[in-house]
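Q: The following file, start16.cif, comprises mmCIF, C-alpha atoms and all ligand atoms:
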```cif
data_work
loop_
_atom_site.label_atom_id
_atom_site.label_comp_id
_atom_site.auth_asym_id
_atom_site.auth_seq_id
_atom_site.Cartn_x
_atom_site.Cartn_y
_atom_site.Cartn_z
CA MET A 1388 14.18 33.40 11.27
CA ARG A 1389 17.17 32.68 13.48
CA ALA A 1390 17.15 29.33 15.31
CA THR A 1391 17.09 29.58 19.09
CA LEU A 1392 18.30 27.17 21.74
CA PRO A 1393 15.28 25.17 23.00
CA ARG A 1394 14.15 26.39 26.43
CA THR A 1395 13.88 22.86 27.79
CA GLY A 1396 15.69 19.77 26.60
CA ARG A 1397 14.31 16.66 24.89
CA PRO A 1398 14.98 12.93 25.24
CA PRO A 1399 17.86 11.53 23.09
CA ALA A 1400 15.60 9.15 21.14
CA ASP A 1401 13.39 12.03 19.93
CA ILE A 1402 16.39 14.02 18.81
CA LEU A 1403 17.98 11.14 16.93
CA ASP A 1404 14.65 10.35 15.25
CA GLU A 1405 14.33 13.90 14.09
CA MET A 1406 17.89 13.93 12.80
CA ARG A 1407 17.32 10.77 10.82
CA GLY A 1408 14.32 12.48 9.31
CA PHE A 1409 16.52 15.42 8.26
CA LYS A 1410 18.47 13.01 6.05
CA ARG A 1411 15.45 12.44 3.81
CA ASP A 1412 16.47 15.34 1.59
CA ASP A 1413 20.17 14.42 1.44
CA VAL A 1414 21.71 12.83 -1.62
CA ASP A 1415 21.35 9.03 -1.62
CA TRP A 1416 25.12 8.35 -1.69
CA LYS A 1417 24.74 4.68 -0.80
CA ARG A 1418 23.08 4.23 -4.19
CA GLY A 1419 25.85 6.08 -6.00
CA ARG A 1420 23.87 9.31 -6.46
CA SER A 1421 26.65 11.60 -5.19
CA PRO A 1422 29.39 12.53 -7.70
CA ALA A 1423 31.95 13.20 -4.94
CA PHE A 1424 32.39 13.60 -1.18
CA MET A 1425 31.88 9.92 -0.24
CA PHE A 1426 34.15 6.87 -0.45
CA GLU A 1427 33.26 3.31 0.40
CA ALA A 1428 35.00 0.02 -0.40
CA SER A 1429 32.36 -2.09 1.37
CA ALA A 1430 29.81 -1.62 4.12
CA ALA A 1431 31.89 -3.96 6.34
CA ILE A 1432 35.04 -1.81 5.99
CA THR A 1433 33.03 1.34 6.71
CA ALA A 1434 31.57 -0.37 9.79
CA LEU A 1435 35.04 -1.30 11.07
CA GLY A 1436 36.25 2.28 10.58
CA ARG A 1437 33.17 3.54 12.44
CA ASP A 1438 33.61 1.07 15.32
CA ALA A 1439 37.28 1.96 15.70
CA PHE A 1440 36.42 5.67 15.54
CA LEU A 1441 33.76 5.26 18.23
CA GLU A 1442 36.19 3.29 20.43
CA TYR A 1443 38.25 6.51 20.50
CA PHE A 1444 35.30 8.87 20.28
CA SER A 1445 36.23 10.85 23.39
CA GLU A 1446 40.03 10.86 23.23
CA ASN A 1447 41.81 13.90 21.87
CA ALA A 1448 44.72 13.28 19.50
CA LEU A 1449 46.17 16.64 20.61
CA GLY A 1450 47.12 14.82 23.81
CA ALA A 1451 48.54 11.74 22.08
CA GLY A 1452 52.11 12.49 23.16
CA ARG A 1453 51.33 12.99 26.86
CA ALA A 1454 48.02 11.38 27.73
CA PHE A 1455 47.12 8.76 25.14
CA ALA A 1456 50.08 6.52 24.38
CA SER A 1457 47.79 4.24 22.39
CA VAL A 1458 46.83 7.07 20.03
CA LYS A 1459 50.46 8.03 19.57
CA ARG A 1460 51.37 4.44 18.82
CA MET A 1461 48.63 4.11 16.19
CA GLU A 1462 49.49 7.44 14.60
CA THR A 1463 53.18 6.54 14.41
CA GLU A 1464 52.38 3.16 12.89
CA VAL A 1465 49.97 4.58 10.30
CA VAL A 1466 52.64 7.09 9.20
CA GLU A 1467 55.36 4.41 9.08
CA MET A 1468 53.23 2.00 7.06
CA ALA A 1469 52.44 4.78 4.62
CA LEU A 1470 56.10 5.85 4.31
CA SER A 1471 56.92 2.34 3.07
CA LEU A 1472 53.98 2.39 0.68
CA PHE A 1473 55.30 5.63 -0.85
CA GLN A 1474 58.86 4.27 -1.11
CA ALA A 1475 60.23 6.95 1.18
CA PRO A 1476 63.88 6.73 2.27
CA ALA A 1477 64.63 5.49 5.79
CA GLU A 1478 65.16 9.00 7.17
CA ALA A 1479 61.90 10.42 5.73
CA ALA A 1480 59.21 11.62 8.14
CA GLY A 1481 55.47 12.10 8.04
CA PHE A 1482 52.46 13.28 10.02
CA MET A 1483 48.72 12.68 10.18
CA THR A 1484 46.43 15.64 9.63
CA THR A 1485 42.69 16.12 9.53
CA GLY A 1486 42.33 16.31 5.76
CA GLY A 1487 43.77 17.04 2.37
CA THR A 1488 43.51 20.80 2.72
CA GLU A 1489 45.36 20.73 6.04
CA SER A 1490 48.07 18.53 4.50
CA LEU A 1491 48.48 20.98 1.62
CA ILE A 1492 48.62 24.02 3.90
CA GLN A 1493 51.22 22.36 6.09
CA ALA A 1494 53.32 21.24 3.12
CA VAL A 1495 53.32 24.79 1.72
CA GLN A 1496 54.25 26.30 5.09
CA THR A 1497 56.99 23.72 5.59
CA CYS A 1498 58.38 24.41 2.12
CA ARG A 1499 58.27 28.17 2.68
CA ASP A 1500 60.04 27.98 6.04
CA TYR A 1501 62.63 25.49 4.78
CA THR A 1502 63.32 27.68 1.76
CA ARG A 1503 63.56 30.80 3.90
CA ALA A 1504 66.18 29.09 6.05
CA ALA A 1505 68.04 27.56 3.11
CA ARG A 1506 68.20 30.87 1.19
CA GLY A 1507 68.88 32.97 4.28
CA GLU A 1508 65.86 35.15 3.49
CA PRO A 1509 63.67 35.12 6.61
CA ARG A 1510 60.90 37.25 5.04
CA LEU A 1511 60.74 35.49 1.66
CA ALA A 1512 57.15 34.99 0.52
CA GLY A 1513 57.49 34.06 -3.13
CA ASN A 1514 55.42 32.01 -5.55
CA ILE A 1515 54.29 28.49 -6.29
CA VAL A 1516 54.22 27.23 -9.88
CA ALA A 1517 51.50 24.67 -10.53
CA PRO A 1518 49.35 23.26 -13.32
CA GLU A 1519 45.91 24.89 -13.42
CA SER A 1520 44.43 21.57 -12.31
CA VAL A 1521 45.82 21.61 -8.74
CA HIS A 1522 43.39 21.76 -5.85
CA PRO A 1523 42.32 25.20 -4.52
CA GLY A 1524 43.73 24.16 -1.14
CA PHE A 1525 47.02 25.57 -2.44
CA ASP A 1526 45.36 28.94 -3.02
CA LYS A 1527 43.98 28.78 0.48
CA ALA A 1528 47.51 28.18 1.75
CA ALA A 1529 48.82 31.02 -0.40
CA ARG A 1530 46.17 33.38 0.96
CA LEU A 1531 47.16 32.56 4.51
CA MET A 1532 50.87 33.04 3.81
CA ASP A 1533 50.84 35.89 1.29
CA LEU A 1534 52.22 33.71 -1.47
CA GLU A 1535 51.31 33.75 -5.14
CA VAL A 1536 50.08 30.66 -6.99
CA ARG A 1537 50.96 30.75 -10.69
CA ARG A 1538 48.54 28.41 -12.42
CA VAL A 1539 49.86 27.25 -15.76
CA PRO A 1540 47.69 25.73 -18.54
CA VAL A 1541 47.83 21.94 -18.79
CA ALA A 1542 48.99 20.11 -21.94
CA ALA A 1543 46.62 18.60 -24.54
CA ASP A 1544 46.44 15.37 -22.50
CA PHE A 1545 45.27 17.42 -19.46
CA ARG A 1546 48.48 16.64 -17.55
CA ALA A 1547 50.87 19.29 -16.25
CA ASP A 1548 53.10 20.78 -18.93
CA PRO A 1549 56.64 20.86 -17.45
CA ARG A 1550 57.97 23.24 -20.12
CA ALA A 1551 55.19 25.75 -19.55
CA MET A 1552 55.76 25.41 -15.81
CA GLU A 1553 59.47 26.05 -16.22
CA ALA A 1554 58.69 29.23 -18.14
CA ALA A 1555 56.68 30.49 -15.13
CA ILE A 1556 59.54 29.99 -12.66
CA ASP A 1557 61.49 33.04 -11.47
CA ASP A 1558 63.93 33.73 -8.67
CA ARG A 1559 61.07 34.05 -6.18
CA THR A 1560 59.64 30.61 -6.94
CA ILE A 1561 59.75 28.33 -3.90
CA MET A 1562 57.63 25.35 -4.91
CA LEU A 1563 56.44 23.23 -7.84
CA ILE A 1564 53.37 21.02 -7.65
CA GLY A 1565 52.17 17.94 -9.46
CA SER A 1566 49.04 15.92 -8.70
CA ALA A 1567 48.64 12.14 -8.60
CA PRO A 1568 45.96 12.42 -9.79
CA CYS A 1569 44.42 15.89 -10.10
CA TYR A 1570 40.80 16.35 -9.13
CA PRO A 1571 39.38 17.89 -12.34
CA PHE A 1572 40.60 15.35 -14.91
CA GLY A 1573 41.74 12.41 -12.75
CA VAL A 1574 45.05 12.18 -14.64
CA ILE A 1575 48.47 11.80 -13.06
CA ASP A 1576 50.90 14.62 -13.84
CA PRO A 1577 54.35 13.67 -15.26
CA ILE A 1578 55.97 13.51 -11.83
CA ALA A 1579 59.31 12.15 -13.12
CA GLU A 1580 59.70 15.16 -15.43
CA LEU A 1581 58.61 17.56 -12.70
CA GLY A 1582 61.12 15.91 -10.33
CA ALA A 1583 63.89 16.44 -12.88
CA LEU A 1584 62.81 20.07 -13.30
CA ALA A 1585 62.75 20.63 -9.53
CA THR A 1586 66.22 19.11 -9.16
CA ARG A 1587 67.66 21.14 -12.02
CA ARG A 1588 66.23 24.41 -10.66
CA GLY A 1589 66.86 23.63 -6.98
CA LEU A 1590 63.15 23.76 -6.10
CA TRP A 1591 60.85 21.84 -3.79
CA LEU A 1592 58.38 19.54 -5.60
CA HIS A 1593 55.20 18.62 -3.75
CA VAL A 1594 53.14 15.71 -5.05
CA ASP A 1595 49.49 16.09 -4.17
CA ALA A 1596 48.33 12.48 -4.01
CA CYS A 1597 45.43 13.38 -1.71
CA VAL A 1598 42.85 11.82 -3.96
CA GLY A 1599 44.79 8.85 -5.31
CA GLY A 1600 47.63 8.18 -2.90
CA TYR A 1601 46.09 5.18 -1.20
CA LEU A 1602 44.83 3.64 -4.44
CA ALA A 1603 47.71 4.16 -6.88
CA PRO A 1604 50.30 1.91 -5.15
CA PHE A 1605 47.87 -1.02 -5.09
CA ALA A 1606 46.75 -0.34 -8.64
CA ARG A 1607 50.42 -0.68 -9.62
CA MET A 1608 50.81 -3.89 -7.65
CA ILE A 1609 47.95 -5.49 -9.58
CA GLY A 1610 49.58 -4.58 -12.87
CA ARG A 1611 47.88 -1.32 -13.79
CA ASP A 1612 49.92 1.18 -15.75
CA ILE A 1613 50.55 3.81 -13.07
CA PRO A 1614 53.60 6.03 -13.59
CA ALA A 1615 56.01 6.55 -10.69
CA PHE A 1616 54.64 9.36 -8.54
CA ASP A 1617 56.13 8.96 -5.05
CA PHE A 1618 59.50 9.24 -3.29
CA SER A 1619 61.00 6.78 -5.79
CA VAL A 1620 61.12 9.83 -8.09
CA PRO A 1621 64.22 11.97 -7.46
CA GLY A 1622 63.25 15.54 -6.70
CA VAL A 1623 60.00 14.78 -4.85
CA ALA A 1624 60.36 16.67 -1.56
CA SER A 1625 56.91 16.14 -0.04
CA LEU A 1626 53.74 14.18 -0.70
CA SER A 1627 50.19 14.38 0.65
CA ALA A 1628 47.71 11.47 0.64
CA ASP A 1629 44.24 11.32 2.18
CA LEU A 1630 43.27 8.31 4.24
CA HIS A 1631 39.64 9.45 4.22
CA LYS A 1632 39.42 9.19 0.43
CA TYR A 1633 40.74 6.06 -1.33
CA GLY A 1634 42.25 4.77 1.95
CA PHE A 1635 38.59 4.11 2.87
CA CYS A 1636 39.23 5.29 6.44
CA PRO A 1637 36.79 7.46 8.42
CA LYS A 1638 37.00 11.25 8.20
CA PRO A 1639 38.97 13.24 9.21
CA ALA A 1640 42.28 11.67 8.24
CA SER A 1641 45.08 12.58 5.87
CA THR A 1642 48.86 12.25 5.80
CA VAL A 1643 51.78 14.41 4.67
CA PHE A 1644 55.39 13.26 4.24
CA TYR A 1645 58.83 14.83 3.76
CA ARG A 1646 61.93 13.32 2.18
CA THR A 1647 64.38 14.49 4.88
CA PRO A 1648 64.29 15.27 8.62
CA GLU A 1649 65.62 18.79 7.83
CA MET A 1650 62.50 19.43 5.76
CA ALA A 1651 60.15 17.80 8.29
CA ARG A 1652 61.59 19.92 11.12
CA HIS A 1653 59.86 22.98 9.64
CA HIS A 1654 56.48 21.23 9.73
CA TRP A 1655 56.35 21.43 13.52
CA PHE A 1656 54.72 24.33 15.33
CA ASP A 1657 56.78 24.79 18.48
CA PHE A 1658 55.90 27.77 20.66
CA LYS A 1659 57.80 28.18 23.91
CA ASP A 1660 56.80 31.61 25.18
CA TRP A 1661 53.48 30.85 26.84
CA PRO A 1662 52.51 30.93 30.53
CA SER A 1663 51.36 27.34 30.15
CA GLY A 1664 54.75 26.31 28.82
CA ARG A 1665 55.84 24.82 25.54
CA PHE A 1666 53.12 24.22 22.94
CA ALA A 1667 54.26 21.90 20.16
CA THR A 1668 51.92 20.40 17.59
CA THR A 1669 52.15 18.73 14.19
CA THR A 1670 48.76 19.89 12.95
CA LEU A 1671 47.27 23.25 12.08
CA VAL A 1672 44.35 22.45 14.34
CA GLY A 1673 44.82 21.84 18.05
CA THR A 1674 42.21 19.49 19.40
CA ARG A 1675 41.42 16.78 16.86
CA PRO A 1676 39.55 13.50 16.95
CA ALA A 1677 41.59 10.47 17.98
CA GLY A 1678 38.87 8.53 16.17
CA GLY A 1679 40.43 9.51 12.84
CA VAL A 1680 43.73 7.96 13.95
CA ALA A 1681 42.11 4.82 15.35
CA GLY A 1682 39.90 4.37 12.29
CA ALA A 1683 42.89 4.57 9.92
CA TRP A 1684 44.94 2.15 12.00
CA ALA A 1685 42.08 -0.35 12.14
CA VAL A 1686 41.34 -0.20 8.40
CA PHE A 1687 45.06 -0.65 7.60
CA GLN A 1688 45.21 -3.69 9.89
CA HIS A 1689 42.05 -5.18 8.43
CA LEU A 1690 42.84 -4.74 4.76
CA GLY A 1691 46.60 -5.10 4.65
CA VAL A 1692 48.32 -5.09 1.28
CA GLU A 1693 46.28 -7.99 -0.07
CA GLY A 1694 43.00 -6.40 1.01
CA TYR A 1695 43.85 -3.07 -0.62
CA LYS A 1696 44.88 -4.93 -3.80
CA ARG A 1697 41.48 -6.66 -3.86
CA VAL A 1698 39.70 -3.33 -3.34
CA ALA A 1699 41.76 -1.76 -6.15
CA ALA A 1700 41.03 -4.68 -8.48
CA ASP A 1701 37.26 -4.51 -7.86
CA LEU A 1702 37.10 -0.74 -8.09
CA LEU A 1703 39.20 -0.42 -11.23
CA ALA A 1704 37.34 -3.28 -12.97
CA PHE A 1705 34.12 -1.37 -12.31
CA ILE A 1706 35.62 1.89 -13.55
CA ASP A 1707 36.86 0.18 -16.75
CA ALA A 1708 33.30 -1.01 -17.34
CA TYR A 1709 31.94 2.45 -16.58
CA LYS A 1710 34.35 4.12 -19.04
CA ALA A 1711 33.49 1.49 -21.67
CA GLY A 1712 29.80 2.20 -21.05
CA ILE A 1713 30.34 5.93 -21.57
CA ARG A 1714 32.41 5.40 -24.73
CA ALA A 1715 29.76 3.06 -26.12
CA ILE A 1716 27.24 5.92 -26.17
CA PRO A 1717 27.57 7.75 -29.51
CA GLY A 1718 28.74 11.34 -29.07
CA LEU A 1719 30.26 10.90 -25.59
CA SER A 1720 33.97 10.74 -24.81
CA VAL A 1721 36.07 10.48 -21.65
CA VAL A 1722 38.28 13.49 -20.87
CA GLY A 1723 41.96 12.42 -21.00
CA GLU A 1724 43.10 8.97 -19.84
CA PRO A 1725 42.26 8.86 -16.13
CA PRO A 1726 43.75 5.69 -14.55
CA LEU A 1727 42.15 5.77 -11.08
CA GLY A 1728 38.83 6.75 -9.50
CA ILE A 1729 37.93 10.04 -11.21
CA VAL A 1730 36.28 10.09 -14.63
CA ALA A 1731 34.94 13.10 -16.54
CA TYR A 1732 33.15 12.82 -19.87
CA THR A 1733 31.94 15.26 -22.44
CA ALA A 1734 29.55 15.36 -25.41
CA ALA A 1735 30.39 16.33 -28.97
CA ASP A 1736 26.95 17.52 -30.10
CA VAL A 1737 25.04 18.81 -27.06
CA ASP A 1738 25.60 20.98 -23.99
CA ILE A 1739 26.61 18.32 -21.45
CA PHE A 1740 25.34 20.53 -18.60
CA ARG A 1741 21.83 20.09 -20.02
CA VAL A 1742 22.38 16.34 -19.83
CA ALA A 1743 23.48 16.78 -16.22
CA GLU A 1744 20.27 18.72 -15.57
CA ALA A 1745 18.20 15.88 -16.99
CA MET A 1746 20.19 13.40 -14.88
CA ALA A 1747 19.58 15.52 -11.77
CA LYS A 1748 15.85 15.06 -12.32
CA GLN A 1749 16.50 11.31 -11.94
CA GLY A 1750 18.30 11.92 -8.63
CA TRP A 1751 21.94 11.92 -9.89
CA LEU A 1752 23.54 14.94 -8.24
CA PRO A 1753 25.63 16.63 -10.96
CA GLY A 1754 29.41 16.85 -10.70
CA LEU A 1755 30.67 19.21 -13.38
CA LEU A 1756 33.81 20.44 -15.08
CA ARG A 1757 33.75 23.79 -16.81
CA ARG A 1758 37.01 23.61 -18.83
CA PRO A 1759 36.26 21.49 -20.88
CA LYS A 1760 32.54 21.29 -20.13
CA ALA A 1761 32.01 17.78 -18.79
CA ILE A 1762 30.21 15.63 -16.25
CA HIS A 1763 32.60 14.64 -13.48
CA ARG A 1764 32.44 11.73 -11.05
CA MET A 1765 34.79 10.58 -8.30
CA MET A 1766 33.71 7.02 -7.73
CA SER A 1767 33.89 4.16 -5.29
CA MET A 1768 31.90 0.98 -4.79
CA PRO A 1769 28.43 2.49 -4.20
CA HIS A 1770 28.69 3.75 -7.78
CA ALA A 1771 29.37 0.20 -9.02
CA ALA A 1772 26.09 -1.18 -7.75
CA THR A 1773 24.10 1.41 -9.70
CA MET A 1774 26.24 1.64 -12.86
CA ASP A 1775 23.66 0.04 -15.17
CA ALA A 1776 20.90 2.32 -13.89
CA TYR A 1777 23.20 5.32 -14.31
CA LEU A 1778 24.11 4.46 -17.90
CA ALA A 1779 20.45 3.78 -18.81
CA ASP A 1780 19.41 7.15 -17.36
CA LEU A 1781 22.31 8.78 -19.19
CA ARG A 1782 21.19 7.39 -22.55
CA ALA A 1783 17.66 8.58 -21.86
CA ALA A 1784 18.86 12.02 -20.73
CA LEU A 1785 20.93 12.43 -23.89
CA ALA A 1786 17.96 11.44 -26.07
CA THR A 1787 15.78 13.98 -24.26
CA VAL A 1788 18.31 16.78 -24.69
CA ARG A 1789 18.90 15.91 -28.35
CA THR A 1790 15.21 16.07 -29.19
CA ALA A 1791 14.37 19.11 -27.04
CA ALA A 1792 14.49 22.63 -28.37
CA ASP A 1793 17.82 24.38 -27.95
CA GLY A 1794 18.31 26.00 -24.61
CA ALA A 1795 21.04 26.91 -22.21
CA SER A 1796 21.70 25.10 -18.98
CA THR A 1797 21.43 27.07 -15.77
CA LEU A 1798 23.87 24.76 -13.98
CA ARG A 1799 27.20 26.07 -12.73
CA ALA A 1800 30.21 23.91 -11.96
CA GLU A 1801 31.00 23.95 -8.25
CA TYR A 1802 32.63 21.60 -5.80
CA GLY A 1803 32.48 23.09 -2.35
CA GLY A 1804 30.11 25.88 -1.57
CA ARG A 1805 27.61 26.42 1.21
C1 LIG A 1901 43.78 16.48 -5.45
C2 LIG A 1901 43.16 16.94 -4.17
N1 LIG A 1901 43.92 17.55 -3.23
C3 LIG A 1901 43.41 17.98 -2.07
C4 LIG A 1901 42.07 17.82 -1.76
C5 LIG A 1901 41.53 18.39 -0.49
O1 LIG A 1901 41.08 17.39 0.39
P1 LIG A 1901 40.08 17.69 1.60
O2 LIG A 1901 38.73 17.89 0.99
O3 LIG A 1901 40.20 16.45 2.44
O4 LIG A 1901 40.56 18.90 2.33
C6 LIG A 1901 41.25 17.19 -2.71
C7 LIG A 1901 39.81 17.01 -2.44
O5 LIG A 1901 39.07 16.48 -3.25
C8 LIG A 1901 41.80 16.74 -3.93
O6 LIG A 1901 41.04 16.15 -4.88
#
```
Will you turn the file into structure tokens for me?
A:
Amino acid sequence: MRATLPRTGRPPADILDEMRGFKRDDVDWKRGRSPAFMFEASAAITALGRDAFLEYFSENALGAGRAFASVKRMETEVVEMALSLFQAPAEAAGFMTTGGTESLIQAVQTCRDYTRAARGEPRLAGNIVAPESVHPGFDKAARLMDLEVRRVPVAADFRADPRAMEAAIDDRTIMLIGSAPCYPFGVIDPIAELGALATRRGLWLHVDACVGGYLAPFARMIGRDIPAFDFSVPGVASLSADLHKYGFCPKPASTVFYRTPEMARHHWFDFKDWPSGRFATTTLVGTRPAGGVAGAWAVFQHLGVEGYKRVAADLLAFIDAYKAGIRAIPGLSVVGEPPLGIVAYTAADVDIFRVAEAMAKQGWLPGLLRRPKAIHRMMSMPHAATMDAYLADLRAALATVRTAADGASTLRAEYGGR
């Protein structure tokens, strides 16, 4: 039956009580039960992000340029701090957006319009050549802009295969993509090789660092083996990185950057033929929460470089222990060599989806990969607190599946969905 608007209203306390009750059936993410969607470095950092967000709860970042100088200042500073982090040249430019998907869509549109201008082909649509592991946000962008995404199989180490990608390039190719890291396997594509390929073929390389961008630089600073993935690599034209993932800032907040002002110029939407006058924005959306800007600025100020290094050290130490725990279980192996927050693992002798089913009965919401079949988790500190319980349940689930009669799992790998 369709819900209807209540005829008379109710007191706020009643409503909030009822809403809190709704949460009973939600996944218990604070105890690490969710395989994705949530990121937390500590409850205190989350609380700061929330307080800063609420301080700017009512302001509209659409009006930052004209009405809210404080929002504009914070947005400019967040972008500038991030440009340094990604070793961008002095003339590079960047923008905040409301999420990874918006950053990807804007990067694709900017690349398309820049390429149209550069090639003198105003109607050029063309294609994007990418490893099969890139995020579907690129396909969303392609659908909106009538582009084609050519997904190319990854190499045996699950990273992009530059030679296979080169073979998919033709004269209508406008963009190459590499991820740092990709969502399915958590591995960083060979960005230096892709940069060299892009330079040689005169193409735009986008680095999708949405899921690792705000962790990888600090992981490097603490001595982890993270290959160059940012503007230090010649040939990288644009880069996306989500604040609301491993930046540990409140949602919605992402960033997208361009190597040159000529590229960045095409990012802007600037419409002059409107009765209300000029309408210029740097986001796909119009109205957007200033809270996302304020939250990111506050978390940056609070953590600073040293704070982010501490977060990276704690998180990666936990993930090392988690990977060691998986590898210590006979029959299980980690997919590829993921260096950051995403880990997928597979089983040699049983259908791992059946293991995921048994884990779901213990309250661990399954995250799955279908090629290869694996259990997938994108982790932050709530997962650390429950690692031992997770590994114990995993051993038990495996034992159950190994002794049970053969059967097929009914689980299907999905990330989004309704
Ligand atoms: C590599 C990568 N790019 C882009 C996105 C899209 O980000 P969002 O969900 O914020 O739109 C994700 C999301 O997980 C991702 O993993």
Q: List the spatial neighbours of segment 1434-1440 of chain A as a ChimeraX atom specification - criterion: any atom at most 7 Å away, all atoms listed in the file, same-chain residues fewer than 2 positions off excluded.
A: /A:1430-1432,1442-1444,1636-1637,1678-1679,1681-1682,1685-1686
Q: Output C-alpha atoms for every residue in that selection, as a JSON list (two decimals), in the frame of the given file.
A:
```
[["chain", "number", "residue", "atom", "x", "y", "z"],
["A", 1430, "ALA", "CA", 29.81, -1.62, 4.12],
["A", 1431, "ALA", "CA", 31.89, -3.96, 6.34],
["A", 1432, "ILE", "CA", 35.04, -1.81, 5.99],
["A", 1442, "GLU", "CA", 36.19, 3.29, 20.43],
["A", 1443, "TYR", "CA", 38.25, 6.51, 20.50],
["A", 1444, "PHE", "CA", 35.30, 8.87, 20.28],
["A", 1636, "CYS", "CA", 39.23, 5.29, 6.44],
["A", 1637, "PRO", "CA", 36.79, 7.46, 8.42],
["A", 1678, "GLY", "CA", 38.87, 8.53, 16.17],
["A", 1679, "GLY", "CA", 40.43, 9.51, 12.84],
["A", 1681, "ALA", "CA", 42.11, 4.82, 15.35],
["A", 1682, "GLY", "CA", 39.90, 4.37, 12.29],
["A", 1685, "ALA", "CA", 42.08, -0.35, 12.14],
["A", 1686, "VAL", "CA", 41.34, -0.20, 8.40]]
```
Q: Please find the residues contacting ligand LIG 1901 (chain A) at a distance of at most 10 Å between atoms, with all atoms listed in the file counted, and report them as number ranges by chain.
A: A: 1423-1424, 1484-1492, 1520-1525, 1565-1571, 1573, 1594-1600, 1627-1632, 1638-1641, 1729, 1765, 1802-1803
Q: Env of segment 1655-1667 of chain A: 12 Å cut, atoms = only C-alpha atoms, seq-sep filter 4 positions within chain, self excluded. Answer as a ChimeraX atom specification.
A: /A:1449-1453,1480-1482,1493-1494,1496-1498,1500-1501,1648-1651,1671-1673
Q: Identify the residues within 8 Å of coordinate (53.8, 31.3, 6.2) (same frame as the file), considering all atoms listed in the file, and give the answer as a short mmCIF file (atom, residue, chain, number, x, y, z; two decimals) with C-alpha atoms, in the frame of the given file.
A:
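After the write, result_0.cif holds the following:
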```
data_model
loop_
_atom_site.label_atom_id
_atom_site.label_comp_id
_atom_site.auth_asym_id
_atom_site.auth_seq_id
_atom_site.Cartn_x
_atom_site.Cartn_y
_atom_site.Cartn_z
CA VAL A 1495 53.32 24.79 1.72
CA GLN A 1496 54.25 26.30 5.09
CA ARG A 1499 58.27 28.17 2.68
CA ASP A 1500 60.04 27.98 6.04
CA ALA A 1512 57.15 34.99 0.52
CA LEU A 1531 47.16 32.56 4.51
CA MET A 1532 50.87 33.04 3.81
CA ASP A 1533 50.84 35.89 1.29
#
```
Q: When distances are computed from only C-alpha atoms, which of A:Asp1793, A:Asp1617, A:Glu1467, A:Asp1576 shows the smallest separation from Asp1736 of chain A?
A: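 With only C-alpha atoms as the atom set, the closest residue is A:Asp1793.
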Q: Please determine, counting only C-alpha atoms, which residue among A:Met1468, A:Ala1786, A:Ala1448, A:Ala1615 has the shortest atom-to-atom distance to Thr1669 of chain A.
A: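 Checking each of A:Met1468, A:Ala1786, A:Ala1448, A:Ala1615 against Thr1669 of chain A, counting only C-alpha atoms, the winner is A:Ala1448.
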Q: If we count only C-alpha atoms, what is near Val1680 of chain A at a cut-off of 7 Å, once residues fewer than 6 positions away on the same chain are taken out, given as a PyMOL selection string?
A: chain A and resi 1458+1461-1462+1640
Q: Would you mind reading off the distance between atom CA of Arg1646 of chain A and atom CA of Ala1624 of chain A, one decimal, in Å?
A: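 So the two atoms, atom CA of Arg1646 of chain A and atom CA of Ala1624 of chain A, lie 5.3 Å apart.
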Q: How many Å separate atom CA of Tyr1645 of chain A from atom CA of Ala1479 of chain A?
A: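 Computed distance, atom CA of Tyr1645 of chain A to atom CA of Ala1479 of chain A, equals 5.7 Å.
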Q: List every protein, DNA or RNA residue that has at least one atom no more than 7 Å from (25.8, 26.7, -24.1) in the file's coordinates, counting only C-alpha atoms, and write the result as a PyMOL selection string.
A: chain A and resi 1738+1795-1796
Q: Kindly indicate which residue among A:Ile1515, A:Ala1734, A:Ala1603, A:Ala1677 lies nearest to Phe1455 of chain A, using all atoms listed in the file for the distances.
A: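 Closest residue, counting all atoms listed in the file: A:Ala1677.
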Q: Find the residue from A:Leu1592, A:Val1414, A:Ala1761, A:Ile1575 that sits nearest to Thr1560 of chain A; use only C-alpha atoms when measuring.
A: A:Leu1592
Q: Can you pull out every residue within 10 Å of Ala1469 of chain A, counting all atoms listed in the file, but drop anything in the same chain fewer than 4 positions away, and send it as a ChimeraX atom specification?
A: /A:1463-1465,1473-1475,1481,1600-1601,1628,1630,1642-1644,1687
Q: Using all atoms listed in the file, which protein or nucleic acid residues come within 12 Å of Ala1747 of chain A? Drop anything in the same chain fewer than 4 positions from it, and give the result as a list in words.
A: Val1414, Arg1420, Ser1421, Pro1422, Phe1740, Arg1741, Val1742, Ala1743, Trp1751, Leu1752, Pro1753, Gly1754, Leu1755, Ile1762, Tyr1777, Asp1780, Leu1781, Ala1784 and Leu1798 of chain A
Q: As an exercise, work out the distance from atom CA of Arg1537 of chain A to atom CA of Val1516 of chain A in Å and give it to one decimal place.
A: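 Atom CA of Arg1537 of chain A sits 4.9 Å away from atom CA of Val1516 of chain A.
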Q: Find the residue from A:Tyr1695, A:Phe1545, A:Trp1591, A:Trp1684 that sits nearest to Glu1724 of chain A; use all atoms listed in the file when measuring.
A: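 Smallest distance to Glu1724 of chain A is found for A:Phe1545.
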Q: Of the candidates A:Glu1553, A:Glu1427, A:Asp1548, A:Glu1580, which one gets nearest to Val1620 of chain A if we count all atoms listed in the file?
A: A:Glu1580
